[in-house]
file upload08.cif (mmCIF, C-alpha atoms)
data_model
loop_
_atom_site.group_PDB
_atom_site.id
_atom_site.type_symbol
_atom_site.label_atom_id
_atom_site.label_comp_id
_atom_site.auth_asym_id
_atom_site.auth_seq_id
_atom_site.Cartn_x
_atom_site.Cartn_y
_atom_site.Cartn_z
ATOM 1 C CA MET A 20 -24.579 4.180 -8.254
ATOM 2 C CA SER A 21 -23.041 5.416 -4.968
ATOM 3 C CA ALA A 22 -20.437 8.190 -4.760
ATOM 4 C CA ALA A 23 -17.846 5.597 -3.713
ATOM 5 C CA SER A 24 -18.602 3.399 -6.748
ATOM 6 C CA ARG A 25 -18.524 6.373 -9.114
ATOM 7 C CA SER A 26 -15.143 7.493 -7.742
ATOM 8 C CA LEU A 27 -13.799 3.941 -7.912
ATOM 9 C CA CYS A 28 -14.919 3.460 -11.516
ATOM 10 C CA ALA A 29 -13.485 6.839 -12.490
ATOM 11 C CA GLY A 30 -10.183 5.983 -10.832
ATOM 12 C CA LEU A 31 -10.003 2.581 -12.560
ATOM 13 C CA LEU A 32 -10.883 4.050 -15.971
ATOM 14 C CA GLY A 33 -8.271 6.766 -15.546
ATOM 15 C CA PHE A 34 -5.663 4.209 -14.516
ATOM 16 C CA MET A 35 -6.295 1.990 -17.543
ATOM 17 C CA VAL A 36 -6.111 4.990 -19.912
ATOM 18 C CA LEU A 37 -2.860 6.171 -18.339
ATOM 19 C CA ILE A 38 -1.105 2.810 -18.197
ATOM 20 C CA ALA A 39 -1.677 1.975 -21.870
ATOM 21 C CA PRO A 40 0.929 4.371 -23.326
ATOM 22 C CA CYS A 41 3.400 3.447 -20.612
ATOM 23 C CA ARG A 42 3.369 -0.207 -21.681
ATOM 24 C CA GLY A 43 3.933 0.771 -25.300
ATOM 25 C CA GLU A 44 6.907 2.947 -24.420
ATOM 26 C CA GLU A 45 8.567 0.193 -22.421
ATOM 27 C CA LYS A 46 8.346 -2.264 -25.316
ATOM 28 C CA LYS A 47 10.580 0.034 -27.307
ATOM 29 C CA SER A 48 13.283 0.061 -24.637
ATOM 30 C CA ASP A 49 13.064 -3.463 -23.227
ATOM 31 C CA GLU A 50 13.248 -6.319 -25.711
ATOM 32 C CA THR A 51 13.369 -9.106 -23.109
ATOM 33 C CA THR A 52 11.228 -12.064 -24.134
ATOM 34 C CA PRO A 53 8.501 -12.748 -21.549
ATOM 35 C CA ALA A 54 8.856 -16.041 -19.674
ATOM 36 C CA MET A 55 6.454 -18.124 -17.617
ATOM 37 C CA ALA A 56 6.801 -17.946 -13.830
ATOM 38 C CA PHE A 57 5.285 -19.376 -10.664
ATOM 39 C CA GLY A 58 5.410 -17.888 -7.196
ATOM 40 C CA THR A 59 4.281 -18.049 -3.606
ATOM 41 C CA GLU A 60 3.493 -15.234 -1.199
ATOM 42 C CA PHE A 61 2.583 -14.784 2.472
ATOM 43 C CA PHE A 62 1.386 -11.884 4.634
ATOM 44 C CA LEU A 63 1.076 -12.226 8.412
ATOM 45 C CA THR A 64 -0.160 -9.620 10.919
ATOM 46 C CA ASN A 65 -0.927 -9.476 14.619
ATOM 47 C CA ASP A 66 -1.674 -6.664 17.046
ATOM 48 C CA SER A 67 -2.067 -5.898 20.730
ATOM 49 C CA ASP A 68 -5.858 -6.449 20.443
ATOM 50 C CA HIS A 69 -5.068 -10.150 19.716
ATOM 51 C CA PHE A 70 -6.344 -9.809 16.152
ATOM 52 C CA GLN A 71 -4.349 -11.937 13.707
ATOM 53 C CA SER A 72 -4.534 -12.313 9.945
ATOM 54 C CA ARG A 73 -2.761 -14.762 7.643
ATOM 55 C CA ARG A 74 -2.660 -14.742 3.859
ATOM 56 C CA VAL A 75 -0.942 -17.492 1.875
ATOM 57 C CA SER A 76 -1.044 -17.283 -1.913
ATOM 58 C CA VAL A 77 0.093 -19.096 -5.038
ATOM 59 C CA GLU A 78 0.852 -17.120 -8.195
ATOM 60 C CA PHE A 79 1.044 -17.878 -11.905
ATOM 61 C CA PHE A 80 2.570 -15.478 -14.447
ATOM 62 C CA PRO A 81 1.990 -16.369 -18.117
ATOM 63 C CA ALA A 82 4.120 -13.335 -19.060
ATOM 64 C CA PHE A 83 6.988 -12.328 -16.764
ATOM 65 C CA GLU A 84 9.851 -10.182 -18.063
ATOM 66 C CA ASN A 85 11.178 -8.938 -14.719
ATOM 67 C CA ALA A 86 9.976 -7.816 -11.289
ATOM 68 C CA ASP A 87 8.797 -4.497 -12.758
ATOM 69 C CA ARG A 88 6.992 -5.863 -15.815
ATOM 70 C CA PHE A 89 4.593 -8.829 -15.751
ATOM 71 C CA LEU A 90 1.048 -10.159 -16.086
ATOM 72 C CA GLY A 91 -0.257 -12.831 -13.724
ATOM 73 C CA PHE A 92 -2.852 -14.296 -11.387
ATOM 74 C CA ARG A 93 -2.915 -14.869 -7.630
ATOM 75 C CA LEU A 94 -5.057 -17.233 -5.552
ATOM 76 C CA GLY A 95 -5.033 -16.325 -1.870
ATOM 77 C CA ASP A 96 -6.256 -18.138 1.244
ATOM 78 C CA TYR A 97 -7.084 -15.794 4.154
ATOM 79 C CA GLN A 98 -7.487 -16.647 7.823
ATOM 80 C CA TYR A 99 -8.529 -14.179 10.543
ATOM 81 C CA LYS A 100 -8.887 -14.755 14.273
ATOM 82 C CA GLN A 101 -9.315 -12.873 17.533
ATOM 83 C CA ASP A 102 -9.769 -14.839 20.752
ATOM 84 C CA ASP A 103 -12.727 -17.212 19.993
ATOM 85 C CA TRP A 104 -13.706 -15.494 16.735
ATOM 86 C CA ARG A 105 -12.609 -17.066 13.411
ATOM 87 C CA ARG A 106 -13.083 -16.200 9.754
ATOM 88 C CA ALA A 107 -11.788 -17.648 6.461
ATOM 89 C CA GLY A 108 -11.712 -16.044 3.020
ATOM 90 C CA ARG A 109 -10.640 -16.676 -0.566
ATOM 91 C CA LYS A 110 -9.461 -14.209 -3.179
ATOM 92 C CA ILE A 111 -8.511 -14.580 -6.832
ATOM 93 C CA SER A 112 -6.741 -11.639 -8.464
ATOM 94 C CA PHE A 113 -5.411 -10.462 -11.803
ATOM 95 C CA LEU A 114 -1.965 -8.815 -11.544
ATOM 96 C CA ALA A 115 -0.332 -6.364 -13.930
ATOM 97 C CA ARG A 116 2.781 -4.246 -13.510
ATOM 98 C CA SER A 117 4.633 -2.033 -15.992
ATOM 99 C CA ILE A 118 7.172 0.251 -14.312
ATOM 100 C CA GLU A 119 10.360 1.838 -15.611
ATOM 101 C CA THR A 120 12.932 0.645 -13.093
ATOM 102 C CA ARG A 121 15.226 3.676 -13.232
ATOM 103 C CA THR A 122 12.576 6.379 -12.719
ATOM 104 C CA GLY A 123 9.738 4.498 -11.019
ATOM 105 C CA ASP A 124 7.273 5.777 -13.623
ATOM 106 C CA GLY A 125 4.498 3.455 -14.745
ATOM 107 C CA GLY A 126 1.601 1.553 -13.241
ATOM 108 C CA ALA A 127 0.653 -1.478 -11.150
ATOM 109 C CA LEU A 128 -2.748 -3.107 -10.765
ATOM 110 C CA GLU A 129 -4.303 -5.923 -8.735
ATOM 111 C CA ALA A 130 -8.013 -6.537 -9.362
ATOM 112 C CA GLY A 131 -9.854 -9.461 -7.824
ATOM 113 C CA VAL A 132 -12.873 -11.091 -6.202
ATOM 114 C CA PHE A 133 -12.707 -11.569 -2.417
ATOM 115 C CA GLN A 134 -15.207 -13.782 -0.574
ATOM 116 C CA GLN A 135 -15.444 -14.050 3.210
ATOM 117 C CA GLY A 136 -18.242 -14.768 5.692
ATOM 118 C CA GLY A 137 -20.932 -14.959 3.018
ATOM 119 C CA HIS A 138 -19.892 -11.559 1.577
ATOM 120 C CA SER A 139 -18.334 -10.941 -1.853
ATOM 121 C CA LEU A 140 -16.354 -7.897 -2.962
ATOM 122 C CA LEU A 141 -14.672 -6.735 -6.163
ATOM 123 C CA THR A 142 -11.289 -5.546 -4.899
ATOM 124 C CA LEU A 143 -8.797 -3.201 -6.499
ATOM 125 C CA ASP A 144 -5.318 -1.895 -5.753
ATOM 126 C CA GLY A 145 -3.836 0.326 -8.437
ATOM 127 C CA SER A 146 -1.276 3.088 -8.862
ATOM 128 C CA TYR A 147 0.157 5.044 -11.763
ATOM 129 C CA ARG A 148 3.137 7.424 -11.657
ATOM 130 C CA LEU A 149 4.442 9.824 -14.277
ATOM 131 C CA SER A 150 7.093 12.547 -14.292
ATOM 132 C CA PRO A 151 6.133 15.590 -16.356
ATOM 133 C CA THR A 152 9.499 17.200 -15.515
ATOM 134 C CA LYS A 153 12.812 15.988 -14.075
ATOM 135 C CA SER A 154 11.928 17.395 -10.652
ATOM 136 C CA THR A 155 8.180 16.648 -10.537
ATOM 137 C CA ALA A 156 6.273 13.359 -10.333
ATOM 138 C CA VAL A 157 2.539 12.743 -10.030
ATOM 139 C CA GLU A 158 0.993 9.505 -8.728
ATOM 140 C CA PHE A 159 -2.647 8.377 -8.849
ATOM 141 C CA LEU A 160 -3.884 5.795 -6.314
ATOM 142 C CA VAL A 161 -7.038 3.707 -5.998
ATOM 143 C CA THR A 162 -7.826 0.906 -3.507
ATOM 144 C CA ARG A 163 -10.951 -1.068 -2.657
ATOM 145 C CA ASP A 164 -10.925 -3.781 0.032
ATOM 146 C CA TRP A 165 -12.527 -5.083 3.222
ATOM 147 C CA VAL A 166 -12.120 -3.249 6.527
ATOM 148 C CA GLU A 167 -10.217 -5.888 8.480
ATOM 149 C CA THR A 168 -11.707 -5.939 11.979
ATOM 150 C CA PRO A 169 -13.976 -8.719 13.298
ATOM 151 C CA LYS A 170 -17.094 -6.536 13.446
ATOM 152 C CA SER A 171 -16.465 -5.037 10.002
ATOM 153 C CA LEU A 172 -15.832 -8.434 8.412
ATOM 154 C CA ASP A 173 -19.012 -9.805 9.988
ATOM 155 C CA ARG A 174 -21.008 -6.902 8.550
ATOM 156 C CA GLY A 175 -19.248 -6.906 5.186
ATOM 157 C CA ILE A 176 -17.982 -3.319 5.500
ATOM 158 C CA ASP A 177 -15.592 -2.298 2.722
ATOM 159 C CA PHE A 178 -13.812 0.914 1.755
ATOM 160 C CA SER A 179 -12.756 2.681 -1.455
ATOM 161 C CA PHE A 180 -9.733 4.986 -1.388
ATOM 162 C CA VAL A 181 -8.991 7.381 -4.276
ATOM 163 C CA GLY A 182 -6.153 9.894 -4.195
ATOM 164 C CA ALA A 183 -3.354 11.732 -5.969
ATOM 165 C CA ALA A 184 0.161 12.573 -4.792
ATOM 166 C CA VAL A 185 2.809 14.989 -6.075
ATOM 167 C CA ASP A 186 6.585 14.684 -5.563
ATOM 168 C CA GLN A 187 8.377 17.992 -6.075
ATOM 169 C CA GLY A 188 12.144 18.206 -5.995
ATOM 170 C CA LEU A 189 13.507 21.339 -4.308
ATOM 171 C CA GLY A 190 17.093 21.421 -5.488
ATOM 172 C CA ASP A 191 19.425 18.446 -5.152
ATOM 173 C CA HIS A 192 18.806 17.599 -1.490
ATOM 174 C CA PHE A 193 15.129 18.298 -0.688
ATOM 175 C CA THR A 194 11.889 16.720 -1.911
ATOM 176 C CA LEU A 195 8.346 17.715 -0.913
ATOM 177 C CA VAL A 196 5.587 15.091 -1.208
ATOM 178 C CA GLY A 197 1.903 15.930 -0.842
ATOM 179 C CA LEU A 198 -1.217 13.756 -1.071
ATOM 180 C CA LEU A 199 -4.952 14.468 -1.147
ATOM 181 C CA ALA A 200 -7.445 11.586 -1.021
ATOM 182 C CA GLN A 201 -10.950 10.557 -0.110
ATOM 183 C CA GLN A 202 -11.953 7.271 1.484
ATOM 184 C CA TYR A 203 -15.520 5.999 1.247
ATOM 185 C CA PHE A 204 -16.819 3.294 3.594
ATOM 186 C CA SER A 205 -19.816 1.140 2.658
ATOM 187 C CA ASP A 206 -21.499 2.051 5.985
ATOM 188 C CA GLY A 207 -21.857 5.658 4.754
ATOM 189 C CA ASN A 208 -18.784 7.137 6.431
ATOM 190 C CA ARG A 209 -16.303 9.234 4.442
ATOM 191 C CA ARG A 210 -12.792 10.397 5.268
ATOM 192 C CA ASP A 211 -10.906 13.300 3.722
ATOM 193 C CA HIS A 212 -7.150 12.677 3.840
ATOM 194 C CA GLY A 213 -4.165 14.990 3.577
ATOM 195 C CA ARG A 214 -0.472 14.114 3.881
ATOM 196 C CA LEU A 215 2.801 16.039 3.613
ATOM 197 C CA ARG A 216 6.365 14.793 3.721
ATOM 198 C CA LEU A 217 9.564 16.848 3.528
ATOM 199 C CA ILE A 218 12.568 14.670 2.685
ATOM 200 C CA TYR A 219 16.167 15.809 3.142
ATOM 201 C CA GLN A 220 19.032 13.829 1.613
ATOM 202 C CA PRO A 221 22.311 15.071 3.143
ATOM 203 C CA SER A 222 24.443 13.096 0.672
ATOM 204 C CA LEU A 223 23.403 11.862 -2.774
ATOM 205 C CA ASP A 224 25.633 8.796 -2.375
ATOM 206 C CA LEU A 225 24.739 7.469 1.106
ATOM 207 C CA GLY A 226 21.083 6.533 0.577
ATOM 208 C CA LEU A 227 20.249 8.264 3.876
ATOM 209 C CA THR A 228 17.252 10.583 4.243
ATOM 210 C CA LEU A 229 15.762 12.595 7.091
ATOM 211 C CA GLN A 230 11.993 13.046 6.877
ATOM 212 C CA ALA A 231 9.378 15.293 8.468
ATOM 213 C CA ARG A 232 5.939 13.714 8.023
ATOM 214 C CA PHE A 233 2.425 14.971 8.679
ATOM 215 C CA ARG A 234 -0.882 13.253 7.981
ATOM 216 C CA THR A 235 -4.454 14.055 8.870
ATOM 217 C CA TYR A 236 -7.993 12.945 8.140
ATOM 218 C CA ARG A 237 -11.508 14.022 9.013
ATOM 219 C CA SER A 238 -14.444 11.583 9.208
ATOM 220 C CA SER A 239 -17.972 12.547 8.188
ATOM 221 C CA HIS A 240 -19.503 10.124 10.740
ATOM 222 C CA GLU A 241 -17.880 9.594 14.116
ATOM 223 C CA ASP A 242 -20.250 6.892 15.379
ATOM 224 C CA VAL A 243 -19.615 3.624 13.500
ATOM 225 C CA ASP A 244 -20.598 1.371 16.442
ATOM 226 C CA ARG A 245 -16.910 0.555 17.081
ATOM 227 C CA ALA A 246 -16.705 -1.419 13.838
ATOM 228 C CA TYR A 247 -13.295 0.220 13.288
ATOM 229 C CA PHE A 248 -11.188 2.990 14.836
ATOM 230 C CA ASN A 249 -12.805 6.217 13.643
ATOM 231 C CA PRO A 250 -12.128 9.543 15.368
ATOM 232 C CA LYS A 251 -13.812 12.612 13.930
ATOM 233 C CA ASN A 252 -10.432 14.336 13.510
ATOM 234 C CA TYR A 253 -7.022 12.706 13.475
ATOM 235 C CA SER A 254 -3.521 14.045 12.858
ATOM 236 C CA GLU A 255 0.026 12.737 13.278
ATOM 237 C CA SER A 256 3.391 14.503 13.067
ATOM 238 C CA MET A 257 6.521 12.341 12.799
ATOM 239 C CA LEU A 258 10.268 12.642 12.344
ATOM 240 C CA ALA A 259 11.795 9.648 10.566
ATOM 241 C CA VAL A 260 15.184 8.409 9.394
ATOM 242 C CA ALA A 261 15.395 6.161 6.323
ATOM 243 C CA TRP A 262 18.360 4.359 4.805
ATOM 244 C CA ARG A 263 18.519 2.466 1.505
ATOM 245 C CA TYR A 264 21.509 0.370 0.441
ATOM 246 C CA ARG A 265 22.147 -1.398 -2.871
ATOM 247 C CA PHE A 266 24.611 -4.260 -3.313
ATOM 248 C CA GLN A 267 25.003 -6.476 -6.401
ATOM 249 C CA GLY A 268 21.480 -5.650 -7.523
ATOM 250 C CA TRP A 269 19.898 -6.299 -4.113
ATOM 251 C CA THR A 270 18.203 -3.457 -2.231
ATOM 252 C CA ALA A 271 17.837 -3.252 1.557
ATOM 253 C CA ALA A 272 15.976 -0.458 3.324
ATOM 254 C CA VAL A 273 15.053 0.528 6.859
ATOM 255 C CA THR A 274 12.844 3.354 8.148
ATOM 256 C CA ALA A 275 12.410 4.346 11.807
ATOM 257 C CA GLY A 276 10.247 7.154 13.120
ATOM 258 C CA LEU A 277 8.981 8.819 16.294
ATOM 259 C CA GLY A 278 5.912 11.008 16.291
ATOM 260 C CA ASN A 279 2.905 12.395 18.077
ATOM 261 C CA GLU A 280 -0.771 11.991 17.228
ATOM 262 C CA LYS A 281 -3.799 14.101 18.134
ATOM 263 C CA ILE A 282 -7.312 12.681 18.276
ATOM 264 C CA ASN A 283 -10.275 15.063 18.015
ATOM 265 C CA HIS A 284 -7.885 17.984 18.715
ATOM 266 C CA ASP A 285 -7.699 16.786 22.323
ATOM 267 C CA LEU A 286 -5.969 13.526 23.194
ATOM 268 C CA SER A 287 -2.240 13.586 22.386
ATOM 269 C CA GLN A 288 -0.126 10.417 22.338
ATOM 270 C CA PRO A 289 3.351 9.350 21.080
ATOM 271 C CA THR A 290 3.666 7.091 18.041
ATOM 272 C CA LYS A 291 6.426 4.848 16.688
ATOM 273 C CA LEU A 292 7.248 3.299 13.328
ATOM 274 C CA LEU A 293 9.800 0.734 12.121
ATOM 275 C CA ASP A 294 9.923 -0.820 8.650
ATOM 276 C CA LEU A 295 12.465 -3.191 7.059
ATOM 277 C CA SER A 296 12.605 -4.465 3.473
ATOM 278 C CA LEU A 297 14.801 -6.592 1.222
ATOM 279 C CA GLN A 298 14.453 -6.865 -2.569
ATOM 280 C CA SER A 299 16.384 -9.152 -4.939
ATOM 281 C CA PRO A 300 17.643 -7.866 -8.316
ATOM 282 C CA VAL A 301 14.772 -6.862 -10.606
ATOM 283 C CA ARG A 302 16.082 -9.009 -13.462
ATOM 284 C CA GLY A 303 16.986 -12.639 -12.881
ATOM 285 C CA SER A 304 15.659 -16.206 -12.833
ATOM 286 C CA GLN A 305 14.274 -15.656 -9.314
ATOM 287 C CA VAL A 306 12.615 -12.741 -7.559
ATOM 288 C CA PHE A 307 12.535 -12.424 -3.774
ATOM 289 C CA ARG A 308 10.868 -9.736 -1.630
ATOM 290 C CA PHE A 309 10.614 -9.449 2.141
ATOM 291 C CA ASN A 310 9.072 -6.785 4.396
ATOM 292 C CA ALA A 311 8.624 -6.522 8.147
ATOM 293 C CA GLY A 312 7.157 -3.690 10.159
ATOM 294 C CA TYR A 313 6.027 -2.439 13.550
ATOM 295 C CA SER A 314 3.960 0.564 14.610
ATOM 296 C CA ARG A 315 2.556 1.935 17.856
ATOM 297 C CA SER A 316 -0.400 4.312 18.004
ATOM 298 C CA THR A 317 -3.886 4.733 19.487
ATOM 299 C CA THR A 318 -7.044 2.785 18.746
ATOM 300 C CA PHE A 319 -10.380 2.397 20.519
ATOM 301 C CA SER A 320 -8.803 -0.195 22.822
ATOM 302 C CA GLY A 321 -6.311 2.332 24.226
ATOM 303 C CA PRO A 322 -3.265 4.537 23.567
ATOM 304 C CA SER A 323 -0.688 1.732 23.305
ATOM 305 C CA TYR A 324 -1.955 -0.160 20.277
ATOM 306 C CA GLN A 325 0.823 -2.156 18.575
ATOM 307 C CA TYR A 326 0.738 -3.632 15.078
ATOM 308 C CA ARG A 327 3.269 -6.009 13.501
ATOM 309 C CA TYR A 328 3.501 -7.601 10.065
ATOM 310 C CA LEU A 329 5.644 -9.904 7.913
ATOM 311 C CA ARG A 330 5.363 -10.185 4.140
ATOM 312 C CA GLY A 331 7.350 -12.296 1.681
ATOM 313 C CA GLU A 332 7.225 -13.338 -1.973
ATOM 314 C CA TRP A 333 9.328 -15.756 -4.043
ATOM 315 C CA ILE A 334 8.951 -16.101 -7.827
ATOM 316 C CA LEU A 335 10.692 -18.639 -10.087
ATOM 317 C CA LEU A 336 10.977 -18.224 -13.867
ATOM 318 C CA PHE A 337 10.790 -21.194 -16.245
#
call {"tool": "encode", "arguments": {"input": "upload08.cif", "output": "structure tokens"}}
result
Amino acid sequence: MSAASRSLCAGLLGFMVLIAPCRGEEKKSDETTPAMAFGTEFFLTNDSDHFQSRRVSVEFFPAFENADRFLGFRLGDYQYKQDDWRRAGRKISFLARSIETRTGDGGALEAGVFQQGGHSLLTLDGSYRLSPTKSTAVEFLVTRDWVETPKSLDRGIDFSFVGAAVDQGLGDHFTLVGLLAQQYFSDGNRRDHGRLRLIYQPSLDLGLTLQARFRTYRSSHEDVDRAYFNPKNYSESMLAVAWRYRFQGWTAAVTAGLGNEKINHDLSQPTKLLDLSLQSPVRGSQVFRFNAGYSRSTTFSGPSYQYRYLRGEWILLF
């Protein structure tokens, strides 16, 4: 078994062990009877390299209590294209989520089978968060999926990402977030990731935060035959402003940031980030989510790479 598979299995086993007690605890505090629900979801992306992806899914939830607690299945149809290149894919997934709405503690899991271009992959996207103290939270993350570029999809290159993050409150107005992770690619490449974020909340009532962000990674193999953007060393520093507003159970949020990235300790370029989201009340007969985002950074095609996405989901309870 490869190092990536061992890390992935360890991460999945740890997640399942950790999520079990969380589900039991929530049953004591939430007596809502699970209902059946159906949903639909879409995810659209395009970039300045003319690469486009489209995912349209249908969802079935045999047990749905609210947007933070459910069990379900998702069947997704994927379409990729870039100029004259085309690719289609299908994915069926099992979904589970058990999160305490007030604190954010708990876990979420999506595990599936993804087929595209004659290649098959067992995919995984899981997270688990717990708060050992009022000011400290720990989150475990694991992801396995395709690398979504034409050359990587043709070759069936996938990645496994395993990491842990810590949120540490520093008084009433500051929070420090740190993450360490490793990312294993099926072509033999490995990345070591590190991220830091200092968050300042000037008022506890406004939902406004000022953030200083830093992220870096180092690749074990620089030459991947341009299958995906892969500098030996990468780092980005960013200042961001985020605002979250709640009204009648709905939550709207926006984040905007300006930064600077360094590639191989040499090339330095500006970066930009914009993210918008809208979330319906967690409890109700319908659940609606919407996200849109834009970023500008560097890739192997040049220093002005732009990426845009739209994501939406609508769930109806019966």
call {"tool": "resolve_selection", "arguments": {"input": "upload08.cif", "expression": "the PyMOL selection byres ((chain A and resi 254) around 9)", "output": "VMD selection string"}}
result
chain A and resid 233 to 237 252 to 253 255 to 256 279 to 284
call {"tool": "write_last_selection", "arguments": {"input": "upload08.cif", "atoms": "C-alpha atoms", "output": "PDB file, in the coordinates of the input"}}
result
ATOM      1  CA  PHE A 233       2.425  14.971   8.679  1.00  0.00           C
ATOM      2  CA  ARG A 234      -0.882  13.253   7.981  1.00  0.00           C
ATOM      3  CA  THR A 235      -4.454  14.055   8.870  1.00  0.00           C
ATOM      4  CA  TYR A 236      -7.993  12.945   8.140  1.00  0.00           C
ATOM      5  CA  ARG A 237     -11.508  14.022   9.013  1.00  0.00           C
ATOM      6  CA  ASN A 252     -10.432  14.336  13.510  1.00  0.00           C
ATOM      7  CA  TYR A 253      -7.022  12.706  13.475  1.00  0.00           C
ATOM      8  CA  GLU A 255       0.026  12.737  13.278  1.00  0.00           C
ATOM      9  CA  SER A 256       3.391  14.503  13.067  1.00  0.00           C
ATOM     10  CA  ASN A 279       2.905  12.395  18.077  1.00  0.00           C
ATOM     11  CA  GLU A 280      -0.771  11.991  17.228  1.00  0.00           C
ATOM     12  CA  LYS A 281      -3.799  14.101  18.134  1.00  0.00           C
ATOM     13  CA  ILE A 282      -7.312  12.681  18.276  1.00  0.00           C
ATOM     14  CA  ASN A 283     -10.275  15.063  18.015  1.00  0.00           C
ATOM     15  CA  HIS A 284      -7.885  17.984  18.715  1.00  0.00           C
TER      16      HIS A 284
END
call {"tool": "resolve_selection", "arguments": {"input": "upload08.cif", "expression": "the PyMOL selection byres ((chain A and resi 65-70) around 12)", "output": "PDB file with C-alpha atoms, keeping the file's coordinate frame"}}
result
ATOM      1  CA  PHE A  62       1.386 -11.884   4.634  1.00  0.00           C
ATOM      2  CA  LEU A  63       1.076 -12.226   8.412  1.00  0.00           C
ATOM      3  CA  THR A  64      -0.160  -9.620  10.919  1.00  0.00           C
ATOM      4  CA  GLN A  71      -4.349 -11.937  13.707  1.00  0.00           C
ATOM      5  CA  SER A  72      -4.534 -12.313   9.945  1.00  0.00           C
ATOM      6  CA  ARG A  73      -2.761 -14.762   7.643  1.00  0.00           C
ATOM      7  CA  GLN A  98      -7.487 -16.647   7.823  1.00  0.00           C
ATOM      8  CA  TYR A  99      -8.529 -14.179  10.543  1.00  0.00           C
ATOM      9  CA  LYS A 100      -8.887 -14.755  14.273  1.00  0.00           C
ATOM     10  CA  GLN A 101      -9.315 -12.873  17.533  1.00  0.00           C
ATOM     11  CA  ASP A 102      -9.769 -14.839  20.752  1.00  0.00           C
ATOM     12  CA  ASP A 103     -12.727 -17.212  19.993  1.00  0.00           C
ATOM     13  CA  TRP A 104     -13.706 -15.494  16.735  1.00  0.00           C
ATOM     14  CA  ARG A 105     -12.609 -17.066  13.411  1.00  0.00           C
ATOM     15  CA  ARG A 106     -13.083 -16.200   9.754  1.00  0.00           C
ATOM     16  CA  GLU A 167     -10.217  -5.888   8.480  1.00  0.00           C
ATOM     17  CA  THR A 168     -11.707  -5.939  11.979  1.00  0.00           C
ATOM     18  CA  PRO A 169     -13.976  -8.719  13.298  1.00  0.00           C
ATOM     19  CA  LYS A 170     -17.094  -6.536  13.446  1.00  0.00           C
ATOM     20  CA  ALA A 311       8.624  -6.522   8.147  1.00  0.00           C
ATOM     21  CA  GLY A 312       7.157  -3.690  10.159  1.00  0.00           C
ATOM     22  CA  TYR A 313       6.027  -2.439  13.550  1.00  0.00           C
ATOM     23  CA  SER A 314       3.960   0.564  14.610  1.00  0.00           C
ATOM     24  CA  ARG A 315       2.556   1.935  17.856  1.00  0.00           C
ATOM     25  CA  SER A 316      -0.400   4.312  18.004  1.00  0.00           C
ATOM     26  CA  THR A 317      -3.886   4.733  19.487  1.00  0.00           C
ATOM     27  CA  THR A 318      -7.044   2.785  18.746  1.00  0.00           C
ATOM     28  CA  PHE A 319     -10.380   2.397  20.519  1.00  0.00           C
ATOM     29  CA  SER A 320      -8.803  -0.195  22.822  1.00  0.00           C
ATOM     30  CA  GLY A 321      -6.311   2.332  24.226  1.00  0.00           C
ATOM     31  CA  PRO A 322      -3.265   4.537  23.567  1.00  0.00           C
ATOM     32  CA  SER A 323      -0.688   1.732  23.305  1.00  0.00           C
ATOM     33  CA  TYR A 324      -1.955  -0.160  20.277  1.00  0.00           C
ATOM     34  CA  GLN A 325       0.823  -2.156  18.575  1.00  0.00           C
ATOM     35  CA  TYR A 326       0.738  -3.632  15.078  1.00  0.00           C
ATOM     36  CA  ARG A 327       3.269  -6.009  13.501  1.00  0.00           C
ATOM     37  CA  TYR A 328       3.501  -7.601  10.065  1.00  0.00           C
ATOM     38  CA  LEU A 329       5.644  -9.904   7.913  1.00  0.00           C
TER      39      LEU A 329
END
call {"tool": "residues_around", "arguments": {"input": "upload08.cif", "residues": "Gly58 of chain A", "least_positions_apart": "2", "cutoff": "9 Å", "atoms": "only C-alpha atoms", "output": "VMD selection string"}}
result
chain A and resid 56 60 76 to 80 93 306 332 to 336
call {"tool": "atom_distance", "arguments": {"input": "upload08.cif", "atom1": "atom CA of Pro289 of chain A", "atom2": "atom CA of Phe204 of chain A"}}
result
27.4 Å
call {"tool": "resolve_selection", "arguments": {"input": "upload08.cif", "expression": "the PyMOL selection byres ((chain A and resi 113) around 12)", "output": "NGL selection string"}}
result
:A and (78-81 or 89-95 or 110-112 or 114-116 or 127-133 or 141-145)
call {"tool": "residues_around", "arguments": {"input": "upload08.cif", "residues": "segment 187-202 of chain A", "least_positions_apart": "3", "cutoff": "7 Å", "atoms": "only C-alpha atoms", "output": "tab-separated table (two decimals) with C-alpha atoms, in the frame of the given file"}}
result
chain	number	residue	atom	x	y	z
A	154	SER	CA	11.93	17.40	-10.65
A	155	THR	CA	8.18	16.65	-10.54
A	156	ALA	CA	6.27	13.36	-10.33
A	178	PHE	CA	-13.81	0.91	1.76
A	179	SER	CA	-12.76	2.68	-1.46
A	180	PHE	CA	-9.73	4.99	-1.39
A	181	VAL	CA	-8.99	7.38	-4.28
A	182	GLY	CA	-6.15	9.89	-4.20
A	183	ALA	CA	-3.35	11.73	-5.97
A	184	ALA	CA	0.16	12.57	-4.79
A	209	ARG	CA	-16.30	9.23	4.44
A	210	ARG	CA	-12.79	10.40	5.27
A	211	ASP	CA	-10.91	13.30	3.72
A	212	HIS	CA	-7.15	12.68	3.84
A	213	GLY	CA	-4.16	14.99	3.58
A	214	ARG	CA	-0.47	14.11	3.88
A	215	LEU	CA	2.80	16.04	3.61
A	216	ARG	CA	6.36	14.79	3.72
A	217	LEU	CA	9.56	16.85	3.53
A	218	ILE	CA	12.57	14.67	2.68
A	219	TYR	CA	16.17	15.81	3.14
A	220	GLN	CA	19.03	13.83	1.61
A	221	PRO	CA	22.31	15.07	3.14
call {"tool": "atom_distance", "arguments": {"input": "upload08.cif", "atom1": "atom CA of Gly207 of chain A", "atom2": "atom CA of Ser239 of chain A"}}
result
8.6 Å
call {"tool": "atom_distance", "arguments": {"input": "upload08.cif", "atom1": "atom CA of Gly137 of chain A", "atom2": "atom CA of Thr162 of chain A"}}
result
21.6 Å
